[in-house]
$ cat query36.tsv   # TSV, C-alpha atoms
chain	number	residue	atom	x	y	z
A	1	MET	CA	4.64	-16.40	-8.60
A	2	GLU	CA	2.72	-16.49	-11.87
A	3	ASN	CA	0.53	-13.58	-10.77
A	4	LEU	CA	3.60	-11.55	-9.81
A	5	ILE	CA	5.23	-12.19	-13.20
A	6	ALA	CA	2.00	-11.28	-14.98
A	7	TRP	CA	1.84	-8.07	-12.93
A	8	ILE	CA	5.39	-7.09	-13.93
A	9	ILE	CA	4.76	-7.96	-17.58
A	10	ARG	CA	1.69	-5.70	-17.56
A	11	ALA	CA	3.38	-2.88	-15.65
A	12	ILE	CA	6.54	-2.46	-17.77
A	13	PRO	CA	4.84	-1.72	-21.12
A	14	PHE	CA	2.34	0.53	-19.35
A	15	GLY	CA	5.19	2.36	-17.63
A	16	THR	CA	7.05	2.76	-20.93
A	17	ILE	CA	4.17	4.78	-22.40
A	18	ILE	CA	4.20	7.33	-19.62
A	19	MET	CA	8.01	7.26	-19.41
A	20	TYR	CA	8.25	8.68	-22.93
A	21	GLY	CA	5.65	11.32	-22.11
A	22	ALA	CA	7.40	12.22	-18.86
A	23	MET	CA	10.88	12.42	-20.42
A	24	GLY	CA	9.57	14.74	-23.11
A	25	GLU	CA	7.95	16.98	-20.52
A	26	ILE	CA	11.04	16.95	-18.28
A	27	LEU	CA	13.13	18.20	-21.21
A	28	THR	CA	10.54	20.88	-21.95
A	29	GLU	CA	10.28	22.02	-18.34
A	30	LYS	CA	14.06	22.14	-17.93
A	31	SER	CA	13.95	25.03	-20.41
A	32	GLY	CA	11.33	26.83	-18.32
A	33	ASN	CA	8.35	25.95	-20.51
A	34	LEU	CA	5.34	24.24	-18.92
A	35	ASN	CA	3.58	22.26	-21.64
A	36	LEU	CA	0.28	20.79	-20.45
A	37	GLY	CA	-0.41	19.69	-24.00
A	38	VAL	CA	1.34	16.33	-23.47
A	39	PRO	CA	-1.88	14.27	-23.87
A	40	GLY	CA	-2.68	16.03	-27.16
A	41	ILE	CA	0.87	15.59	-28.42
A	42	MET	CA	0.77	11.88	-27.57
A	43	TYR	CA	-2.49	11.68	-29.52
A	44	LEU	CA	-0.89	13.37	-32.54
A	45	GLY	CA	2.17	11.13	-32.45
A	46	GLY	CA	0.17	7.95	-31.95
A	47	PHE	CA	-2.28	8.71	-34.73
A	48	ALA	CA	0.34	9.91	-37.23
A	49	GLY	CA	2.44	6.80	-36.66
A	50	PHE	CA	-0.57	4.52	-36.93
A	51	ALA	CA	-2.07	6.22	-39.99
A	52	SER	CA	1.20	6.20	-41.93
A	53	SER	CA	1.90	2.53	-41.21
A	54	TYR	CA	-1.73	1.58	-41.85
A	55	TYR	CA	-1.80	3.15	-45.32
A	56	TYR	CA	1.66	1.79	-46.11
A	57	GLU	CA	0.44	-1.73	-45.34
A	58	LYS	CA	-2.78	-1.18	-47.22
A	59	LEU	CA	-1.35	0.36	-50.39
A	60	MET	CA	1.88	-1.62	-50.83
A	61	PRO	CA	1.60	-5.13	-52.31
A	62	ASN	CA	4.59	-6.43	-50.32
A	63	PRO	CA	5.15	-4.15	-47.32
A	64	ASN	CA	8.43	-4.42	-45.45
A	65	ALA	CA	8.44	-4.43	-41.64
A	66	VAL	CA	11.59	-2.29	-41.30
A	67	VAL	CA	10.26	0.32	-43.70
A	68	CYS	CA	6.98	0.26	-41.81
A	69	VAL	CA	8.76	1.02	-38.53
A	70	ILE	CA	10.79	3.86	-40.09
A	71	ILE	CA	7.72	5.45	-41.67
A	72	ALA	CA	5.75	5.24	-38.43
A	73	LEU	CA	8.58	6.76	-36.36
A	74	VAL	CA	9.25	9.58	-38.84
A	75	CYS	CA	5.59	10.53	-39.14
A	76	CYS	CA	5.11	10.28	-35.38
A	77	LEU	CA	8.06	12.58	-34.70
A	78	ALA	CA	6.99	15.03	-37.41
A	79	ALA	CA	3.43	15.34	-36.09
A	80	SER	CA	4.33	15.56	-32.40
A	81	MET	CA	7.20	18.00	-32.98
A	82	LEU	CA	4.82	20.13	-35.05
A	83	GLY	CA	2.59	20.24	-31.98
A	84	GLY	CA	5.62	21.33	-29.94
A	85	LEU	CA	6.44	23.98	-32.54
A	86	ILE	CA	2.91	25.37	-32.34
A	87	PHE	CA	3.21	25.55	-28.55
A	88	SER	CA	6.64	27.19	-28.81
A	89	PHE	CA	5.48	29.83	-31.29
A	90	LEU	CA	2.49	30.77	-29.15
A	91	THR	CA	4.29	30.85	-25.80
A	92	ILE	CA	7.84	31.91	-26.69
A	93	THR	CA	7.35	34.20	-29.68
A	94	LEU	CA	3.84	35.51	-28.94
A	95	ARG	CA	4.22	35.09	-25.15
A	96	ALA	CA	0.80	33.52	-24.68
A	97	ASN	CA	-0.11	32.01	-21.32
A	98	GLN	CA	1.55	28.59	-21.13
A	99	ASN	CA	-1.15	26.90	-19.05
A	100	VAL	CA	-3.98	27.92	-21.37
A	101	THR	CA	-1.96	27.14	-24.49
A	102	GLY	CA	-1.05	23.67	-23.21
A	103	LEU	CA	-4.65	22.80	-22.38
A	104	ALA	CA	-5.76	24.09	-25.77
A	105	LEU	CA	-3.09	21.95	-27.43
A	106	THR	CA	-4.43	18.87	-25.63
A	107	ILE	CA	-7.92	19.53	-26.98
A	108	PHE	CA	-6.52	20.34	-30.43
A	109	GLY	CA	-4.43	17.16	-30.63
A	110	MET	CA	-7.29	14.94	-29.54
A	111	GLY	CA	-9.65	16.66	-31.98
A	112	VAL	CA	-7.32	16.36	-34.96
A	113	ALA	CA	-6.53	12.70	-34.26
A	114	ASN	CA	-10.17	11.72	-33.77
A	115	PHE	CA	-11.34	13.77	-36.77
A	116	PHE	CA	-8.94	12.16	-39.23
A	117	GLY	CA	-9.33	8.83	-37.47
A	118	VAL	CA	-12.94	8.75	-38.65
A	119	PHE	CA	-11.74	8.28	-42.25
A	120	ILE	CA	-9.62	5.29	-41.27
A	121	LEU	CA	-12.29	3.70	-39.10
A	122	ASN	CA	-14.87	4.18	-41.88
A	123	GLY	CA	-17.78	3.39	-39.60
A	124	ALA	CA	-16.07	0.59	-37.64
A	125	SER	CA	-15.33	0.79	-33.92
A	126	TYR	CA	-11.63	0.02	-34.50
A	127	THR	CA	-9.09	-0.90	-37.17
A	128	ALA	CA	-5.58	-2.38	-37.05
A	129	ALA	CA	-2.12	-2.30	-38.60
A	130	PRO	CA	-0.94	-5.90	-38.01
A	131	LEU	CA	2.47	-5.63	-39.72
A	132	ALA	CA	3.40	-2.54	-37.72
A	133	ASN	CA	2.27	-4.24	-34.53
A	134	SER	CA	4.37	-7.33	-35.18
A	135	ALA	CA	7.40	-5.16	-36.01
A	136	PHE	CA	7.15	-2.94	-32.93
A	137	ALA	CA	6.33	-5.86	-30.61
A	138	GLN	CA	9.14	-8.08	-31.93
A	139	LYS	CA	11.00	-9.62	-28.99
A	140	ILE	CA	14.76	-10.02	-28.67
A	141	PRO	CA	15.77	-13.32	-30.32
A	142	VAL	CA	17.11	-16.07	-28.02
A	143	LEU	CA	17.03	-13.89	-24.88
A	144	SER	CA	13.23	-13.79	-24.92
A	145	SER	CA	12.91	-17.58	-24.57
A	146	LYS	CA	16.08	-19.15	-23.12
A	147	LEU	CA	16.33	-17.63	-19.63
A	148	GLY	CA	13.10	-18.69	-17.97
A	149	VAL	CA	11.66	-16.10	-15.60
A	150	VAL	CA	14.30	-13.54	-16.65
A	151	SER	CA	13.19	-13.88	-20.26
A	152	GLN	CA	9.56	-13.41	-19.27
A	153	THR	CA	10.09	-10.31	-17.15
A	154	VAL	CA	13.09	-8.60	-18.80
A	155	PHE	CA	13.45	-9.60	-22.45
A	156	SER	CA	9.87	-10.09	-23.65
A	157	TYR	CA	9.14	-6.58	-24.94
A	158	GLY	CA	9.47	-4.56	-28.12
A	159	PHE	CA	12.52	-2.42	-28.87
A	160	LEU	CA	10.90	0.85	-27.75
A	161	VAL	CA	10.92	-0.38	-24.14
A	162	TYR	CA	14.71	-0.67	-24.14
A	163	ALA	CA	15.09	2.50	-26.20
A	164	ALA	CA	13.24	4.43	-23.48
A	165	ILE	CA	15.76	3.33	-20.84
A	166	ILE	CA	18.72	4.20	-23.09
A	167	ILE	CA	17.25	7.62	-23.88
A	168	ALA	CA	16.71	8.32	-20.16
A	169	VAL	CA	20.37	7.52	-19.40
A	170	ILE	CA	21.63	9.64	-22.32
A	171	PHE	CA	19.30	12.45	-21.30
A	172	HIS	CA	20.71	12.33	-17.74
A	173	LEU	CA	24.31	12.50	-19.00
A	174	ILE	CA	23.55	15.41	-21.34
A	175	LEU	CA	21.81	17.40	-18.61
A	176	ASN	CA	24.49	16.86	-15.98
A	177	LYS	CA	27.76	16.29	-17.87
A	178	THR	CA	27.69	18.57	-20.91
A	179	ARG	CA	27.75	22.29	-21.62
A	180	VAL	CA	24.49	22.00	-23.55
A	181	GLY	CA	22.78	20.58	-20.49
A	182	LEU	CA	24.24	23.30	-18.27
A	183	ASN	CA	23.00	25.99	-20.67
A	184	LEU	CA	19.56	24.42	-20.82
A	185	ARG	CA	19.26	24.32	-17.03
A	186	ALA	CA	20.47	27.92	-16.85
A	187	VAL	CA	17.72	28.98	-19.26
A	188	GLY	CA	15.10	27.30	-17.10
A	189	GLU	CA	16.45	28.71	-13.84
A	190	ASN	CA	17.27	32.28	-14.84
A	191	PRO	CA	16.86	33.17	-18.54
A	192	ALA	CA	17.98	36.78	-17.99
A	193	THR	CA	21.34	35.66	-16.59
A	194	ALA	CA	21.69	33.04	-19.33
A	195	ASP	CA	20.93	35.68	-21.95
A	196	ALA	CA	23.52	38.02	-20.47
A	197	ALA	CA	26.07	35.18	-20.65
A	198	GLY	CA	25.50	34.88	-24.40
A	199	ILE	CA	23.16	31.86	-24.38
A	200	SER	CA	20.34	32.01	-26.92
A	201	VAL	CA	17.30	31.63	-24.67
A	202	THR	CA	14.83	31.45	-27.54
A	203	ARG	CA	16.78	28.77	-29.40
A	204	TYR	CA	17.14	26.57	-26.32
A	205	LYS	CA	13.46	26.91	-25.45
A	206	TYR	CA	12.35	26.09	-29.00
A	207	LEU	CA	14.65	23.08	-29.32
A	208	ALA	CA	13.86	21.68	-25.88
A	209	THR	CA	10.11	22.04	-26.39
A	210	CYS	CA	10.06	20.53	-29.88
A	211	ILE	CA	12.40	17.63	-29.05
A	212	GLY	CA	10.47	17.04	-25.83
A	213	ALA	CA	7.23	16.92	-27.82
A	214	GLY	CA	8.81	14.37	-30.15
A	215	LEU	CA	9.68	12.13	-27.19
A	216	SER	CA	6.16	12.43	-25.80
A	217	GLY	CA	4.73	11.55	-29.21
A	218	ILE	CA	6.70	8.29	-29.24
A	219	GLY	CA	4.78	7.36	-26.10
A	220	GLY	CA	1.55	7.65	-28.05
A	221	LEU	CA	3.04	5.65	-30.91
A	222	TYR	CA	4.14	2.89	-28.54
A	223	TYR	CA	0.65	2.75	-27.03
A	224	VAL	CA	-1.09	2.29	-30.39
A	225	LEU	CA	1.32	0.06	-32.31
A	226	ASP	CA	2.66	-2.11	-29.48
A	227	TYR	CA	0.74	-1.88	-26.21
A	228	ASN	CA	-2.67	-1.74	-27.92
A	229	GLN	CA	-1.70	-4.40	-30.50
A	230	GLY	CA	-1.65	-2.02	-33.46
A	231	ILE	CA	-5.29	-1.04	-33.02
A	232	TRP	CA	-6.69	2.46	-33.42
A	233	ALA	CA	-10.03	2.96	-31.69
A	234	THR	CA	-12.22	5.85	-30.56
A	235	THR	CA	-11.28	5.52	-26.89
A	236	GLU	CA	-9.64	8.33	-24.90
A	237	GLN	CA	-7.10	6.16	-23.08
A	238	ILE	CA	-4.15	8.12	-24.47
A	239	GLU	CA	-5.39	11.28	-22.77
A	240	ALA	CA	-5.44	9.55	-19.37
A	241	LEU	CA	-1.91	8.26	-19.94
A	242	GLY	CA	-0.77	11.74	-20.95
A	243	TRP	CA	-1.91	13.18	-17.63
A	244	LEU	CA	-0.21	10.31	-15.83
A	245	ALA	CA	2.99	11.29	-17.66
A	246	VAL	CA	2.63	14.86	-16.41
A	247	ALA	CA	2.14	13.54	-12.86
A	248	LEU	CA	5.23	11.36	-13.28
A	249	VAL	CA	7.34	14.45	-14.01
A	250	ILE	CA	6.53	15.79	-10.54
A	251	PHE	CA	6.96	12.36	-8.96
A	252	THR	CA	10.47	12.00	-10.41
A	253	THR	CA	11.44	15.54	-9.28
A	254	TRP	CA	12.47	16.44	-12.83
A	255	LYS	CA	15.21	13.78	-13.03
A	256	PRO	CA	15.40	11.53	-16.15
A	257	LEU	CA	16.87	8.52	-14.31
A	258	ASN	CA	14.05	8.62	-11.78
A	259	ALA	CA	11.63	8.38	-14.69
A	260	ILE	CA	12.77	4.79	-15.30
A	261	TRP	CA	11.87	3.28	-11.94
A	262	GLY	CA	9.11	5.85	-11.39
A	263	ALA	CA	7.33	4.84	-14.59
A	264	TYR	CA	7.46	1.14	-13.73
A	265	LEU	CA	6.28	1.89	-10.20
A	266	PHE	CA	3.36	3.82	-11.65
A	267	GLY	CA	2.62	0.81	-13.83
A	268	MET	CA	2.65	-1.50	-10.81
A	269	LEU	CA	0.41	0.84	-8.83
A	270	TYR	CA	-1.98	1.34	-11.75
A	271	TRP	CA	-2.58	-2.40	-12.14
A	272	LEU	CA	-2.65	-2.94	-8.38
A	273	TYR	CA	-6.41	-3.49	-8.38
A	274	GLN	CA	-6.15	-6.42	-10.80
A	275	PHE	CA	-3.27	-8.41	-9.32
A	276	LEU	CA	-3.03	-7.59	-5.61
A	277	PRO	CA	-6.25	-9.44	-4.63
A	278	ASN	CA	-4.98	-12.63	-6.31
A	279	LEU	CA	-1.55	-12.30	-4.70
A	280	LEU	CA	-3.06	-11.81	-1.25
A	281	GLY	CA	-5.93	-14.24	-1.76
A	282	ILE	CA	-8.59	-11.64	-1.00
A	283	LYS	CA	-11.63	-10.24	-2.79
A	284	VAL	CA	-12.05	-6.56	-3.60
A	285	ALA	CA	-15.49	-5.04	-4.15
A	286	SER	CA	-16.05	-3.61	-7.62
A	287	TYR	CA	-16.62	-0.08	-6.28
A	288	MET	CA	-13.10	-0.16	-4.77
A	289	THR	CA	-11.45	-0.50	-8.19
A	290	ASP	CA	-11.62	3.20	-9.04
A	291	LEU	CA	-10.28	4.12	-5.61
A	292	ILE	CA	-7.31	1.79	-6.00
A	293	GLN	CA	-6.55	3.25	-9.44
A	294	MET	CA	-6.12	6.63	-7.76
A	295	VAL	CA	-3.01	5.37	-5.95
A	296	PRO	CA	-0.45	6.72	-8.51
A	297	TYR	CA	-1.93	10.20	-8.20
A	298	VAL	CA	-2.07	10.02	-4.42
A	299	VAL	CA	1.59	8.96	-4.30
A	300	THR	CA	2.48	11.91	-6.56
A	301	ILE	CA	0.73	14.34	-4.22
A	302	ILE	CA	2.56	12.86	-1.23
A	303	VAL	CA	5.93	13.18	-3.01
A	304	LEU	CA	5.14	16.79	-3.94
A	305	ILE	CA	4.25	17.62	-0.32
A	306	VAL	CA	7.38	15.94	1.05
A	307	ALA	CA	9.61	17.66	-1.53
A	308	SER	CA	8.11	21.06	-0.70
A	309	PHE	CA	8.75	20.55	3.03
A	310	ARG	CA	12.32	19.39	2.53
A	311	LYS	CA	13.01	22.36	0.21
A	312	LYS	CA	16.04	20.76	-1.39
A	313	LYS	CA	17.10	22.71	-4.48
A	314	GLU	CA	17.67	19.59	-6.56
A	315	ASN	CA	14.09	18.41	-5.93
A	316	GLN	CA	12.43	21.66	-6.99
A	317	PRO	CA	11.16	22.60	-10.47
A	318	PRO	CA	13.11	25.13	-12.57
A	319	ALA	CA	12.74	28.57	-10.98
A	320	ASN	CA	11.37	30.16	-14.15
A	321	LEU	CA	8.96	27.34	-15.02
A	322	GLY	CA	5.80	28.57	-16.72
A	323	LEU	CA	6.95	32.17	-17.01
A	324	SER	CA	7.47	33.97	-20.31
A	325	TYR	CA	10.81	35.69	-20.81
A	326	PHE	CA	10.82	39.36	-21.80
A	327	ARG	CA	14.29	40.36	-22.87
A	328	GLU	CA	13.41	44.04	-22.49
A	329	ASP	CA	12.84	43.50	-18.75
A	330	ARG	CA	16.35	42.10	-18.23

$ encode --input "query36.tsv" --output "structure tokens"
Amino acid sequence: MENLIAWIIRAIPFGTIIMYGAMGEILTEKSGNLNLGVPGIMYLGGFAGFASSYYYEKLMPNPNAVVCVIIALVCCLAASMLGGLIFSFLTITLRANQNVTGLALTIFGMGVANFFGVFILNGASYTAAPLANSAFAQKIPVLSSKLGVVSQTVFSYGFLVYAAIIIAVIFHLILNKTRVGLNLRAVGENPATADAAGISVTRYKYLATCIGAGLSGIGGLYYVLDYNQGIWATTEQIEALGWLAVALVIFTTWKPLNAIWGAYLFGMLYWLYQFLPNLLGIKVASYMTDLIQMVPYVVTIIVLIVASFRKKKENQPPANLGLSYFREDR
């Protein structure tokens, strides 16, 4: 039982990171834009949030935890949305290839974060922002300690875990119950028809891509200031999580609500190698670890194959995904 609880406790924060990245990419892809720059955007958001909170703690004699959280979130959103704006300008206005631009944005985001991170590290292998970590990892009072197993598995996380679930629900309602959501889906499915109906295709694509980038950036922020205990290091773990987020988009068939359970399932599968042997009372050879960690990707491929065979419209990506819109060709 203890191993199972530990597995869940490890999987939920891990899943939250990729849930933010996936929700941001789902929003972007609903507009018809395919942004493969999610890992780079998560890098930008994570570093900007960490750097701002780190210098706030360092320079202020009596730093306040609430102010620290606000500064980190604002800087994270600003940096990641700037990455989304760069992508939007290149692919929507200049009509550059979306695949190439996204991959370039991943390299750019990682490069910028690691370049400026050198000044913070100042020769060390890592550095930390303890006040920001304690603020982002703050548990819910009373509920985190009074309900036994429920407290351990449900109420023992920072506020961004619960915010991710709320955002996913709101995102689902907007997409399926509002005119804005209908217009956004129309832009992704057939921008020429949407344009003819008076919908501003360019505006919807810009807004969806930039807001989606902001959501993805929060995933990077959560990784650094909560999941990684407020530590910035020279590892490339955020990149791997960014690609997992992209895989999760396909796994969830572009549905925000599916991102909730899908992200936690990915978390369970990712840590399968560490907890399953103890739960089953077996030993796993060290060379099998990497193979077991491939399970989330294998599951994604299986889901993609099954969805393609079933050919259900609701399980398919937007029809115009990855294609630039030329109004003159309408």

$ atom_distance --input "query36.tsv" --atom1 "CA of Val201 (chain A)" --atom2 "CA of Lys30 (chain A)"
12.1 Å

$ residues_around --input "query36.tsv" --residues "Tyr126 (chain A)" --least-positions-apart "5" --cutoff "6 Å" --atoms "all atoms listed in the file" --output "count of residues only"
3

$ axis_aligned_box --input "query36.tsv" --around "region 219-225 of chain A" --padding-each-side "4 Å" --output "JSON"
{"center_x": 1.8, "center_y": 3.9, "center_z": -29.2, "size_x": 13.9, "size_y": 15.6, "size_z": 14.2}

$ closest_residue --input "query36.tsv" --among "A:Ser200, A:Asn3, A:Thr106, A:Thr16" --to "Ala163 (chain A)" --atoms "all atoms listed in the file"
A:Thr16

$ closest_residue --input "query36.tsv" --among "A:Trp271, A:Tyr157, A:Phe115, A:Tyr206" --to "Gln138 (chain A)" --atoms "all atoms listed in the file"
A:Tyr157

$ closest_residue --input "query36.tsv" --among "A:Leu103, A:Ile292, A:Ile211, A:Ile17" --to "Ala78 (chain A)" --atoms "all atoms listed in the file"
A:Ile211

$ closest_residue --input "query36.tsv" --among "A:Asn258, A:Thr289, A:Asn33, A:Asn133" --to "Tyr54 (chain A)" --atoms "all atoms listed in the file"
A:Asn133

$ closest_atom_pairs --input "query36.tsv" --of "region 168-221 of chain A" --to "region 61-72 of chain A" --cutoff "12 Å" --atoms "all atoms listed in the file" --output "CSV"
residue,atom,partner,partner_atom,distance
A:Gly217,CA,A:Ala72,CA,11.2
A:Ile218,CA,A:Ala72,CA,9.7
A:Gly220,CA,A:Ala72,CA,11.5
A:Leu221,CA,A:Ala72,CA,8.0

$ residues_around --input "query36.tsv" --residues "Ala48 (chain A)" --least-positions-apart "6" --cutoff "9 Å" --atoms "only C-alpha atoms" --output "PDB file with C-alpha atoms, keeping the file's coordinate frame"
ATOM      1  CA  ALA A  72       5.750   5.240 -38.430  1.00  0.00           C
ATOM      2  CA  LEU A  73       8.580   6.760 -36.360  1.00  0.00           C
ATOM      3  CA  CYS A  75       5.590  10.530 -39.140  1.00  0.00           C
ATOM      4  CA  CYS A  76       5.110  10.280 -35.380  1.00  0.00           C
ATOM      5  CA  LEU A  77       8.060  12.580 -34.700  1.00  0.00           C
ATOM      6  CA  ALA A  78       6.990  15.030 -37.410  1.00  0.00           C
ATOM      7  CA  ALA A  79       3.430  15.340 -36.090  1.00  0.00           C
ATOM      8  CA  SER A  80       4.330  15.560 -32.400  1.00  0.00           C
ATOM      9  CA  ALA A 113      -6.530  12.700 -34.260  1.00  0.00           C
ATOM     10  CA  LEU A 221       3.040   5.650 -30.910  1.00  0.00           C
TER      11      LEU A 221
END

$ closest_residue --input "query36.tsv" --among "A:Tyr264, A:Phe87, A:Tyr325, A:Phe50" --to "Ala213 (chain A)" --atoms "only C-alpha atoms"
A:Phe87

$ closest_residue --input "query36.tsv" --among "A:Ala247, A:Ala263, A:Leu272, A:Ile8" --to "Ile302 (chain A)" --atoms "all atoms listed in the file"
A:Ala247

$ atom_distance --input "query36.tsv" --atom1 "CA of Ala259 (chain A)" --atom2 "CA of Lys205 (chain A)"
21.5 Å

$ residues_around --input "query36.tsv" --residues "Gly262 (chain A)" --least-positions-apart "6" --cutoff "12 Å" --atoms "all atoms listed in the file" --output "number ranges by chain"
A: 11-12, 14-16, 18-20, 22-23, 165, 168, 244-245, 247-256, 268-270, 296, 299-300, 303

$ residues_around --input "query36.tsv" --residues "Leu257 (chain A)" --least-positions-apart "6" --cutoff "10 Å" --atoms "only C-alpha atoms" --output "PyMOL selection string"
chain A and resi 23+165-173

$ write_last_selection --input "query36.tsv" --atoms "C-alpha atoms" --output "compact mmCIF listing (two decimals), in the frame of the given file"
# COMPACT_ATOMS: atom_id res chain seq x y z
CA MET A 23 10.88 12.42 -20.42
CA ILE A 165 15.76 3.33 -20.84
CA ILE A 166 18.72 4.20 -23.09
CA ILE A 167 17.25 7.62 -23.88
CA ALA A 168 16.71 8.32 -20.16
CA VAL A 169 20.37 7.52 -19.40
CA ILE A 170 21.63 9.64 -22.32
CA PHE A 171 19.30 12.45 -21.30
CA HIS A 172 20.71 12.33 -17.74
CA LEU A 173 24.31 12.50 -19.00

$ residues_around --input "query36.tsv" --residues "Thr234 (chain A)" --least-positions-apart "2" --cutoff "12 Å" --atoms "all atoms listed in the file" --output "compact mmCIF listing (two decimals) with C-alpha atoms, keeping the file's coordinate frame"
# COMPACT_ATOMS: atom_id res chain seq x y z
CA TYR A 43 -2.49 11.68 -29.52
CA PHE A 47 -2.28 8.71 -34.73
CA MET A 110 -7.29 14.94 -29.54
CA GLY A 111 -9.65 16.66 -31.98
CA ALA A 113 -6.53 12.70 -34.26
CA ASN A 114 -10.17 11.72 -33.77
CA PHE A 115 -11.34 13.77 -36.77
CA PHE A 116 -8.94 12.16 -39.23
CA GLY A 117 -9.33 8.83 -37.47
CA VAL A 118 -12.94 8.75 -38.65
CA PHE A 119 -11.74 8.28 -42.25
CA ILE A 120 -9.62 5.29 -41.27
CA LEU A 121 -12.29 3.70 -39.10
CA ASN A 122 -14.87 4.18 -41.88
CA GLY A 123 -17.78 3.39 -39.60
CA ALA A 124 -16.07 0.59 -37.64
CA SER A 125 -15.33 0.79 -33.92
CA TYR A 126 -11.63 0.02 -34.50
CA THR A 127 -9.09 -0.90 -37.17
CA VAL A 224 -1.09 2.29 -30.39
CA ILE A 231 -5.29 -1.04 -33.02
CA TRP A 232 -6.69 2.46 -33.42
CA GLU A 236 -9.64 8.33 -24.90
CA GLN A 237 -7.10 6.16 -23.08
CA ILE A 238 -4.15 8.12 -24.47
CA GLU A 239 -5.39 11.28 -22.77
